[in-house]
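Colleague: File run-v2.cif follows (mmCIF, C-alpha atoms):
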```cif
data_coords
#
loop_
_atom_site.label_atom_id
_atom_site.label_comp_id
_atom_site.auth_asym_id
_atom_site.auth_seq_id
_atom_site.Cartn_x
_atom_site.Cartn_y
_atom_site.Cartn_z
CA MET M 10 23.59 -43.27 -86.97
CA SER M 11 23.36 -41.63 -90.36
CA THR M 12 23.60 -37.89 -90.98
CA ILE M 13 19.95 -37.79 -91.93
CA GLU M 14 18.85 -39.22 -88.58
CA GLU M 15 20.96 -36.70 -86.71
CA THR M 16 19.43 -33.66 -88.38
CA GLN M 17 15.92 -34.83 -89.14
CA THR M 18 13.91 -34.39 -85.99
CA LEU M 19 10.45 -34.38 -87.50
CA PRO M 20 9.39 -37.86 -88.68
CA THR M 21 10.55 -38.91 -92.13
CA GLY M 22 8.10 -39.57 -94.92
CA THR M 23 5.06 -37.56 -95.91
CA TRP M 24 2.48 -36.52 -93.32
CA GLY M 25 -0.72 -34.59 -93.95
CA ILE M 26 -2.66 -32.46 -91.49
CA ASP M 27 -5.73 -33.80 -89.70
CA PRO M 28 -7.70 -30.53 -89.80
CA VAL M 29 -10.47 -31.72 -87.48
CA HIS M 30 -8.07 -32.42 -84.66
CA SER M 31 -5.78 -29.48 -85.27
CA GLU M 32 -6.00 -25.78 -84.52
CA ILE M 33 -4.11 -22.70 -85.61
CA GLY M 34 -4.72 -19.48 -83.75
CA PHE M 35 -3.30 -16.37 -82.20
CA SER M 36 -3.56 -14.39 -79.01
CA VAL M 37 -2.72 -10.77 -78.36
CA ASP M 38 -3.10 -8.51 -75.35
CA TYR M 39 -6.03 -6.14 -75.81
CA MET M 40 -7.10 -3.54 -73.26
CA ALA M 41 -7.19 -5.35 -69.91
CA GLY M 42 -7.11 -8.91 -71.21
CA THR M 43 -6.21 -11.25 -74.03
CA PHE M 44 -7.87 -11.46 -77.41
CA ARG M 45 -7.87 -14.78 -79.25
CA GLY M 46 -8.74 -15.95 -82.71
CA THR M 47 -8.41 -19.05 -84.86
CA PHE M 48 -8.30 -19.89 -88.54
CA SER M 49 -10.83 -22.51 -89.58
CA LYS M 50 -9.25 -23.21 -92.99
CA PHE M 51 -5.63 -24.18 -93.09
CA ASP M 52 -3.37 -26.81 -94.52
CA ALA M 53 -0.04 -28.22 -93.40
CA LYS M 54 2.24 -31.07 -94.22
CA VAL M 55 5.50 -32.56 -93.09
CA VAL M 56 7.58 -33.92 -95.92
CA ASP M 57 10.90 -35.52 -95.04
CA GLY M 58 11.27 -33.49 -91.89
CA ARG M 59 10.23 -30.15 -93.37
CA LEU M 60 7.04 -28.47 -92.12
CA GLU M 61 4.98 -26.27 -94.41
CA GLY M 62 1.63 -24.70 -93.71
CA THR M 63 -0.85 -22.10 -94.88
CA ALA M 64 -3.91 -20.52 -93.27
CA GLU M 65 -6.67 -18.69 -95.10
CA VAL M 66 -7.12 -15.13 -93.82
CA GLY M 67 -10.76 -15.24 -94.88
CA SER M 68 -11.39 -18.06 -92.41
CA VAL M 69 -10.41 -16.11 -89.32
CA GLN M 70 -12.82 -16.69 -86.47
CA VAL M 71 -13.31 -14.37 -83.54
CA LYS M 72 -16.35 -13.78 -81.39
CA ASP M 73 -17.77 -10.88 -83.38
CA PRO M 74 -18.64 -10.89 -87.11
CA ASN M 75 -17.92 -7.16 -87.45
CA LEU M 76 -14.47 -7.71 -86.07
CA GLU M 77 -13.96 -10.67 -88.41
CA ALA M 78 -14.84 -8.29 -91.25
CA HIS M 79 -12.44 -5.65 -89.92
CA LEU M 80 -9.62 -8.21 -89.74
CA GLN M 81 -9.98 -8.76 -93.51
CA THR M 82 -9.38 -5.10 -94.34
CA PRO M 83 -6.15 -3.22 -95.10
CA ASP M 84 -6.22 -2.10 -91.43
CA PHE M 85 -5.20 -5.68 -90.57
CA PHE M 86 -4.50 -8.62 -92.92
CA ASP M 87 -5.69 -7.09 -96.23
CA ALA M 88 -7.18 -10.38 -97.36
CA GLU M 89 -7.96 -9.14 -100.86
CA ARG M 90 -4.27 -8.78 -101.65
CA ASN M 91 -2.85 -11.27 -99.17
CA PRO M 92 -5.35 -14.10 -98.75
CA GLN M 93 -2.97 -16.55 -97.06
CA LEU M 94 -0.59 -16.74 -94.15
CA ARG M 95 2.31 -19.09 -94.77
CA PHE M 96 4.96 -20.86 -92.72
CA VAL M 97 7.93 -22.89 -93.92
CA SER M 98 10.46 -24.52 -91.62
CA ASN M 99 14.18 -24.26 -92.14
CA GLU M 100 15.74 -26.06 -89.18
CA VAL M 101 14.24 -28.30 -86.57
CA SER M 102 15.97 -29.33 -83.36
CA ARG M 103 14.64 -31.67 -80.74
CA SER M 104 15.53 -32.70 -77.21
CA GLY M 105 13.27 -35.34 -75.74
CA ASP M 106 9.77 -34.14 -76.51
CA ARG M 107 10.85 -30.50 -76.75
CA VAL M 108 11.10 -29.17 -80.26
CA THR M 109 12.32 -25.89 -81.76
CA ILE M 110 11.41 -25.04 -85.32
CA ASP M 111 13.17 -22.16 -87.05
CA GLY M 112 11.35 -21.04 -90.11
CA GLU M 113 9.89 -18.19 -92.06
CA ILE M 114 6.41 -16.80 -91.76
CA THR M 115 4.64 -14.69 -94.38
CA ILE M 116 1.91 -12.31 -93.26
CA LYS M 117 0.46 -9.56 -95.44
CA GLY M 118 3.07 -10.32 -98.07
CA GLU M 119 5.98 -9.80 -95.65
CA THR M 120 8.26 -12.78 -94.95
CA ARG M 121 10.29 -12.84 -91.74
CA PRO M 122 12.05 -15.43 -89.61
CA ILE M 123 10.24 -16.87 -86.61
CA GLU M 124 11.07 -19.47 -83.98
CA LEU M 125 8.37 -21.88 -82.89
CA THR M 126 8.89 -23.90 -79.73
CA GLY M 127 6.85 -26.60 -78.07
CA THR M 128 6.43 -30.33 -77.86
CA ILE M 129 6.29 -33.20 -80.30
CA SER M 130 4.94 -36.69 -79.77
CA ASP M 131 6.35 -39.81 -81.38
CA PRO M 132 4.12 -41.46 -84.00
CA ILE M 133 1.38 -43.72 -82.67
CA ASP M 134 -1.10 -46.03 -84.37
CA ASP M 135 -4.60 -44.59 -84.18
CA PRO M 136 -7.81 -46.73 -84.04
CA PHE M 137 -8.40 -46.20 -87.76
CA GLY M 138 -5.23 -47.84 -88.99
CA ASN M 139 -3.28 -44.64 -89.48
CA GLU M 140 -0.01 -43.50 -88.04
CA ARG M 141 -0.10 -40.05 -86.51
CA PHE M 142 1.99 -37.68 -84.43
CA GLY M 143 1.25 -34.44 -82.66
CA LEU M 144 2.98 -31.09 -82.60
CA LYS M 145 2.14 -28.25 -80.19
CA VAL M 146 4.10 -25.10 -80.88
CA GLU M 147 4.02 -21.41 -80.11
CA GLY M 148 5.89 -18.44 -81.50
CA GLU M 149 5.89 -14.69 -81.04
CA LEU M 150 6.07 -11.91 -83.57
CA ASP M 151 5.70 -8.16 -83.75
CA ARG M 152 2.66 -7.61 -85.97
CA THR M 153 3.78 -4.10 -86.93
CA GLN M 154 6.81 -5.62 -88.74
CA PHE M 155 4.25 -7.15 -91.10
CA GLY M 156 2.32 -3.93 -91.61
CA VAL M 157 -0.51 -5.03 -89.32
CA SER M 158 -0.42 -1.78 -87.44
CA TRP M 159 -3.98 -0.86 -86.46
CA ASN M 160 -4.45 0.51 -82.99
CA ASN M 161 -6.77 2.62 -80.94
CA PRO M 162 -5.66 4.64 -77.96
CA LEU M 163 -7.04 4.08 -74.49
CA PRO M 164 -8.19 7.24 -72.69
CA THR M 165 -4.70 7.41 -71.18
CA GLY M 166 -3.20 7.60 -74.67
CA GLU M 167 -1.69 4.12 -74.36
CA PRO M 168 -2.40 1.81 -77.31
CA ALA M 169 -5.25 -0.64 -76.68
CA LEU M 170 -3.79 -3.46 -78.75
CA ALA M 171 -0.34 -4.92 -78.15
CA ASN M 172 2.16 -5.32 -80.97
CA GLN M 173 3.46 -8.70 -79.77
CA VAL M 174 1.26 -11.53 -81.00
CA LYS M 175 1.51 -15.16 -79.98
CA LEU M 176 0.88 -17.79 -82.64
CA ILE M 177 -0.41 -21.13 -81.48
CA GLY M 178 -0.44 -24.35 -83.45
CA GLU M 179 -1.85 -27.60 -82.12
CA LEU M 180 -1.38 -29.99 -84.99
CA GLN M 181 -1.93 -33.66 -85.65
CA PHE M 182 -0.32 -35.18 -88.71
CA VAL M 183 -1.35 -38.44 -90.36
CA LYS M 184 1.05 -40.47 -92.44
CA ALA M 185 0.19 -40.48 -96.12
CA GLY M 186 -0.27 -43.74 -97.99
CA MET C 29 -12.07 4.97 -114.31
CA ARG C 30 -14.66 6.76 -112.24
CA VAL C 31 -14.04 8.77 -109.06
CA LEU C 32 -16.91 9.72 -106.78
CA GLY C 33 -16.57 12.98 -104.87
CA ILE C 34 -18.50 13.43 -101.63
CA SER C 35 -18.57 16.81 -99.95
CA GLY C 36 -19.34 16.72 -96.25
CA SER C 37 -20.89 20.17 -96.35
CA LEU C 38 -24.49 20.68 -97.45
CA ARG C 39 -24.73 24.41 -98.04
CA ASP C 40 -24.72 25.80 -101.58
CA ALA C 41 -21.63 27.98 -101.20
CA SER C 42 -19.63 25.28 -99.39
CA HIS C 43 -15.86 25.68 -99.52
CA ASN C 44 -15.51 21.91 -99.50
CA THR C 45 -17.82 21.54 -102.49
CA LYS C 46 -15.69 24.14 -104.29
CA LEU C 47 -12.56 22.24 -103.32
CA LEU C 48 -14.09 19.05 -104.65
CA ARG C 49 -15.01 20.86 -107.87
CA ALA C 50 -11.37 21.93 -108.23
CA ALA C 51 -10.34 18.31 -107.81
CA GLY C 52 -12.96 17.31 -110.36
CA GLU C 53 -11.39 19.63 -112.94
CA LEU C 54 -8.02 18.00 -112.34
CA PHE C 55 -9.57 14.54 -112.77
CA ASP C 56 -11.22 15.75 -115.97
CA ALA C 57 -7.86 16.98 -117.21
CA ALA C 58 -6.47 13.50 -116.54
CA ASP C 59 -9.31 11.92 -118.57
CA VAL C 60 -10.83 10.42 -115.43
CA GLU C 61 -14.59 10.57 -114.98
CA PHE C 62 -15.45 12.53 -111.84
CA VAL C 63 -18.94 12.40 -110.36
CA ALA C 64 -19.92 14.72 -107.52
CA TYR C 65 -22.42 13.06 -105.19
CA GLU C 66 -25.33 15.38 -104.57
CA GLY C 67 -27.73 13.42 -102.39
CA LEU C 68 -26.08 13.71 -98.99
CA LYS C 69 -28.84 15.85 -97.50
CA GLU C 70 -31.48 13.24 -98.34
CA VAL C 71 -29.76 10.41 -96.46
CA PRO C 72 -31.91 9.64 -93.39
CA PRO C 73 -30.48 9.19 -89.91
CA TYR C 74 -29.06 5.70 -89.49
CA ASP C 75 -31.54 3.41 -87.78
CA GLU C 76 -30.93 -0.31 -87.68
CA ASP C 77 -34.68 -0.83 -87.92
CA ASP C 78 -34.57 0.89 -91.33
CA ASP C 79 -31.44 -0.95 -92.42
CA VAL C 80 -33.34 -3.64 -94.31
CA GLU C 81 -33.85 -4.62 -97.96
CA PRO C 82 -34.89 -2.66 -99.84
CA ALA C 83 -32.83 0.11 -98.31
CA PRO C 84 -34.31 3.62 -98.09
CA ALA C 85 -34.09 5.13 -101.59
CA ALA C 86 -31.52 7.79 -100.70
CA VAL C 87 -29.34 5.15 -99.07
CA ALA C 88 -29.64 2.81 -102.04
CA ARG C 89 -28.55 5.64 -104.35
CA LEU C 90 -25.60 6.44 -102.11
CA ARG C 91 -24.49 2.81 -101.93
CA GLU C 92 -24.86 2.42 -105.70
CA ALA C 93 -22.85 5.58 -106.32
CA VAL C 94 -20.02 4.26 -104.14
CA ALA C 95 -20.21 0.76 -105.64
CA GLY C 96 -20.04 2.19 -109.15
CA ALA C 97 -16.89 4.20 -108.47
CA ASP C 98 -13.29 3.01 -108.54
CA ALA C 99 -12.32 5.49 -105.84
CA VAL C 100 -13.97 7.96 -103.50
CA LEU C 101 -12.65 11.43 -102.69
CA PHE C 102 -14.14 12.99 -99.57
CA ALA C 103 -13.88 16.71 -98.85
CA THR C 104 -14.82 17.41 -95.28
CA PRO C 105 -15.29 20.48 -93.15
CA GLU C 106 -14.70 20.25 -89.43
CA TYR C 107 -17.49 20.59 -86.92
CA ASN C 108 -16.40 20.80 -83.30
CA SER C 109 -13.06 19.17 -84.07
CA SER C 110 -14.57 16.24 -85.94
CA ILE C 111 -16.52 14.88 -88.92
CA PRO C 112 -19.86 16.59 -89.70
CA GLY C 113 -22.68 14.41 -88.45
CA GLN C 114 -24.39 14.02 -91.80
CA LEU C 115 -21.20 12.82 -93.47
CA LYS C 116 -20.43 10.33 -90.70
CA ASN C 117 -24.05 9.18 -90.87
CA ALA C 118 -23.67 8.56 -94.61
CA VAL C 119 -20.50 6.51 -94.09
CA ASP C 120 -22.30 4.52 -91.41
CA TRP C 121 -25.06 3.69 -93.89
CA ILE C 122 -22.54 2.75 -96.58
CA SER C 123 -20.71 0.47 -94.14
CA ARG C 124 -23.60 -1.92 -93.53
CA PRO C 125 -23.19 -4.85 -93.70
CA LEU C 126 -19.53 -4.41 -92.88
CA ALA C 127 -18.24 -7.56 -94.58
CA THR C 128 -19.65 -6.65 -98.00
CA ASN C 129 -19.99 -2.87 -97.95
CA PRO C 130 -19.01 -1.00 -101.14
CA LEU C 131 -16.19 0.97 -99.49
CA ARG C 132 -14.40 -2.29 -98.77
CA ASN C 133 -11.02 -2.41 -100.57
CA LYS C 134 -11.92 0.81 -102.37
CA SER C 135 -9.29 3.53 -102.72
CA VAL C 136 -10.29 6.51 -100.60
CA ALA C 137 -8.68 9.90 -100.19
CA VAL C 138 -9.71 12.67 -97.82
CA ILE C 139 -9.18 16.40 -98.24
CA GLY C 140 -10.76 19.27 -96.37
CA ALA C 141 -11.31 22.96 -95.97
CA SER C 142 -12.23 25.14 -93.03
CA THR C 143 -12.37 28.84 -92.34
CA GLY C 144 -10.00 28.35 -89.40
CA MET C 145 -6.26 28.12 -89.89
CA PHE C 146 -5.91 24.33 -89.78
CA GLY C 147 -8.01 23.26 -92.74
CA ALA C 148 -10.09 20.56 -91.06
CA VAL C 149 -7.08 18.36 -90.30
CA TRP C 150 -8.75 16.67 -87.32
CA ALA C 151 -11.91 15.91 -89.22
CA GLN C 152 -9.79 14.55 -92.06
CA ALA C 153 -7.82 12.34 -89.69
CA GLU C 154 -11.00 10.99 -88.13
CA LEU C 155 -12.60 10.36 -91.50
CA ARG C 156 -9.50 8.44 -92.59
CA LYS C 157 -9.76 6.33 -89.44
CA VAL C 158 -13.44 5.66 -90.06
CA ALA C 159 -12.88 4.83 -93.74
CA ALA C 160 -10.10 2.38 -92.82
CA ALA C 161 -12.29 0.79 -90.16
CA VAL C 162 -14.99 0.06 -92.74
CA GLY C 163 -12.39 -1.53 -95.01
CA ALA C 164 -11.29 1.15 -97.48
CA ARG C 165 -7.76 1.48 -98.84
CA VAL C 166 -7.09 4.90 -97.38
CA LEU C 167 -4.42 6.92 -99.14
CA GLU C 168 -1.84 8.70 -97.01
CA VAL C 169 -2.50 12.07 -98.59
CA GLU C 170 -3.95 15.33 -97.34
CA VAL C 171 -4.97 18.75 -98.51
CA ALA C 172 -5.82 21.12 -95.68
CA VAL C 173 -7.31 24.36 -96.95
CA GLY C 174 -7.21 26.76 -94.00
CA HIS C 175 -8.82 30.22 -94.12
CA ALA C 176 -11.01 28.72 -96.82
CA HIS C 177 -13.05 31.90 -97.28
CA THR C 178 -9.92 33.55 -98.72
CA ARG C 179 -8.80 30.73 -101.02
CA PHE C 180 -11.45 30.80 -103.73
CA ASP C 181 -12.19 33.56 -106.22
CA ASP C 182 -15.63 34.95 -107.10
CA GLU C 183 -16.23 32.06 -109.49
CA GLY C 184 -15.44 29.61 -106.70
CA ARG C 185 -12.12 28.56 -108.18
CA LEU C 186 -9.19 27.58 -105.99
CA THR C 187 -6.56 30.27 -106.53
CA ASP C 188 -3.66 29.33 -104.26
CA PRO C 189 -1.00 27.71 -106.48
CA GLU C 190 0.51 25.72 -103.59
CA LEU C 191 -2.86 24.25 -102.65
CA LEU C 192 -3.58 23.50 -106.30
CA GLU C 193 -0.31 21.60 -106.47
CA GLN C 194 -1.22 19.63 -103.33
CA LEU C 195 -4.60 18.88 -104.82
CA ARG C 196 -2.93 17.73 -108.03
CA SER C 197 -0.75 15.30 -106.04
CA VAL C 198 -3.88 13.88 -104.37
CA VAL C 199 -5.54 13.43 -107.74
CA ASP C 200 -2.41 11.70 -109.04
CA ALA C 201 -2.31 9.46 -105.96
CA VAL C 202 -5.96 8.46 -106.41
CA VAL C 203 -5.44 7.65 -110.09
CA GLY C 204 -2.27 5.72 -109.23
CA ALA C 205 -4.05 3.69 -106.54
CA VAL C 206 -6.88 2.74 -108.89
CA VAL C 207 -4.43 1.71 -111.59
CA GLU C 208 -2.44 -0.34 -109.08
CA SER C 209 -5.58 -2.12 -107.83
CA ALA C 210 -6.63 -2.90 -111.39
CA GLU C 211 -3.17 -4.28 -112.20
CA ARG C 212 -3.23 -6.48 -109.12
CA ALA C 213 -6.68 -7.75 -110.04
CA VAL C 214 -5.43 -8.69 -113.51
CA ALA C 215 -2.31 -10.37 -112.09
CA ALA C 216 -4.27 -12.35 -109.50
#
```
Let me see the structure of the file written as structure tokens.

Modeller:
Amino acid sequence: MSTIEETQTLPTGTWGIDPVHSEIGFSVDYMAGTFRGTFSKFDAKVVDGRLEGTAEVGSVQVKDPNLEAHLQTPDFFDAERNPQLRFVSNEVSRSGDRVTIDGEITIKGETRPIELTGTISDPIDDPFGNERFGLKVEGELDRTQFGVSWNNPLPTGEPALANQVKLIGELQFVKAG
Amino acid sequence: MRVLGISGSLRDASHNTKLLRAAGELFDAADVEFVAYEGLKEVPPYDEDDDVEPAPAAVARLREAVAGADAVLFATPEYNSSIPGQLKNAVDWISRPLATNPLRNKSVAVIGASTGMFGAVWAQAELRKVAAAVGARVLEVEVAVGHAHTRFDDEGRLTDPELLEQLRSVVDAVVGAVVESAERAVAA
């Protein structure tokens, strides 16, 4: 076994995202429940075992257009100055179908380490003659470390919106060429 | 560079209008155009049924005034621990539709005066929250003119040197924020 095979736990070669069959989103505790959103425009690729991805802040989708507009403002993502979220992997480790991806995420211009964990599937041949593999990962971050600090107190004085946010990526990659 | 000043008080002898005038003189001294908005009283009560194109004339003028400014400086009194209704109503009109409203990404500062000892700090805080919620870049600055009836001379000029210095720092912060936004726009 070569050194490359030992350390490279995402498939080798170049793989592009299948955006139709992929989803990038987040969930965060809000009041008595969980609030979820997704980004409709994003890009990602795996090149020689390294995962890179971006999501457009302007494409955030939640169930209320006024809230979508609020998420673009300096109260939250400040899309005018920071139009993209970005993730780059550093190290990937795998055991069976379990995968851990250490990388760096950039939100609102602030770059911090994050660990994504989840599952990976081995490449399969799809009905269209392409090779593809799937990656389902989650990671947690403290949004206030990225300057996304908006809140609103409940009548008790407790904050309505949690600081811990879960990121969710359900990604399918298709081999290029 | 143009800064729009909006006083939340309607009466002629308003302390907040005087405070805004004092700020205007400091902007003038810094070679920044300062325009005091004078149509607040004409803005009708917000009614979604009236929020159509063309907008009511007073609303259209207000929105144009905000859109044509690089920054907005609000001076607010405090009514029952909060923002005066007419000022909040005006911001509500400006904010529609939320995704494209002219306060979005605009530098905004809030100052205030009241005849009580606290200088409208709660109204200022609430107005900052509201401005941020509609998408403004709200500056972390404050001038709280308490006992406002004792702070202006017979010509309506702000006399307290400490308050004048605070006001000067707000003016500097507003100018700095506009310059920074312009530099980012060029760099982008």

Colleague: Counting all atoms listed in the file, what are the residues of chain M within 8 Å of chain C, and for each of them which pair of atoms is the nearest and at what distance in Å, to one decimal? Sort the table by chain and rising number, as CSV.

Modeller:
```
residue,atom,partner,partner_atom,distance
M:Asn75,CA,C:Leu126,CA,6.3
M:Ala78,CA,C:Ala127,CA,4.8
M:His79,CA,C:Ala161,CA,6.4
M:Gln81,CA,C:Gly163,CA,7.8
M:Thr82,CA,C:Gly163,CA,4.7
M:Pro83,CA,C:Arg165,CA,6.2
M:Asp84,CA,C:Ala160,CA,6.1
M:Glu89,CA,C:Asn133,CA,7.4
M:Arg90,CA,C:Arg212,CA,7.9
```

Colleague: Could the residues in this selection be saved with C-alpha atoms as a JSON list (two decimals), keeping the file's coordinate frame?

Modeller:
```json
[["chain", "number", "residue", "atom", "x", "y", "z"],
["M", 75, "ASN", "CA", -17.92, -7.16, -87.45],
["M", 78, "ALA", "CA", -14.84, -8.29, -91.25],
["M", 79, "HIS", "CA", -12.44, -5.65, -89.92],
["M", 81, "GLN", "CA", -9.98, -8.76, -93.51],
["M", 82, "THR", "CA", -9.38, -5.10, -94.34],
["M", 83, "PRO", "CA", -6.15, -3.22, -95.10],
["M", 84, "ASP", "CA", -6.22, -2.10, -91.43],
["M", 89, "GLU", "CA", -7.96, -9.14, -100.86],
["M", 90, "ARG", "CA", -4.27, -8.78, -101.65]]
```

Colleague: If the PyMOL selection byres ((chain C and resi 153) around 12) were run on this exact file, what residues would it hold? Put them as a ChimeraX atom specification.

Modeller: /C:102-106,109-111,137-140,147-152,154-160,166-172

Colleague: To one decimal place, how far is CA of Glu211 in chain C from CA of Thr115 in chain M in Å?

Modeller: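 So the answer is 22.1 Å.
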
Colleague: Starting from the displayed file, determine the output of the PyMOL selection byres ((chain M and resi 24-32) around 12) and express the residue list as a count of residues only.

Modeller: 50

Colleague: Evaluate the PyMOL selection byres ((chain M and resi 150) around 8) on the structure here and hand back the selected residues as a PyMOL selection string.

Modeller: chain M and resi 123+148-149+151-152+173-176

Colleague: Write the selection just made, keeping C-alpha atoms, as a PDB file, keeping the file's coordinate frame?

Modeller:
```pdb
ATOM      1  CA  ILE M 123      10.240 -16.870 -86.610  1.00  0.00           C
ATOM      2  CA  GLY M 148       5.890 -18.440 -81.500  1.00  0.00           C
ATOM      3  CA  GLU M 149       5.890 -14.690 -81.040  1.00  0.00           C
ATOM      4  CA  ASP M 151       5.700  -8.160 -83.750  1.00  0.00           C
ATOM      5  CA  ARG M 152       2.660  -7.610 -85.970  1.00  0.00           C
ATOM      6  CA  GLN M 173       3.460  -8.700 -79.770  1.00  0.00           C
ATOM      7  CA  VAL M 174       1.260 -11.530 -81.000  1.00  0.00           C
ATOM      8  CA  LYS M 175       1.510 -15.160 -79.980  1.00  0.00           C
ATOM      9  CA  LEU M 176       0.880 -17.790 -82.640  1.00  0.00           C
TER      10      LEU M 176
END
```

Colleague: Would you mind reading off the distance between CA of Lys116 in chain C and CA of Ala50 in chain C, one decimal, in Å?

Modeller: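 The value is 22.9 Å.
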
Colleague: Between CA of Ile116 in chain M and CA of Phe155 in chain M, measure the distance and give it in Å to one decimal.

Modeller: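 Separating CA of Ile116 in chain M from CA of Phe155 in chain M is a distance of 6.1 Å.
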
Colleague: I'd like the neighbourhood of Arg185 in chain C as a list in words, where a residue qualifies if any of its atoms comes within 10 Å (using only C-alpha atoms), though same-chain residues fewer than 2 positions away should be ignored.

Modeller: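 The residues that qualify are His43, Lys46, Leu47, Arg49, Ala50, Arg179, Phe180, Asp181, Asp182, Glu183, Thr187 and Asp188 of chain C.
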
Colleague: Using only C-alpha atoms, give me every residue within 8 Å of (-6.6, -13.5, -98.4) in file coordinates, as a ChimeraX atom specification.

Modeller: /M:65-67,81,86-93

Colleague: Using all atoms of range 193-199 of chain C listed in the file and a margin of 5 Å per side, can you give the axis-aligned box centre and edge lengths in Å to one decimal, as AutoDock Vina command-line options?

Modeller:
```
--center_x -2.9 --center_y 17.5 --center_z -105.7 --size_x 15.2 --size_y 18.2 --size_z 14.7
```

Colleague: May I ask which of the residues C:Val203, C:Leu101, C:Val60, C:Leu131 is the closest one to Gly36 in chain C, counting only C-alpha atoms?

Modeller: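 Ranked by minimum distance to Gly36 in chain C, first place goes to C:Leu101.
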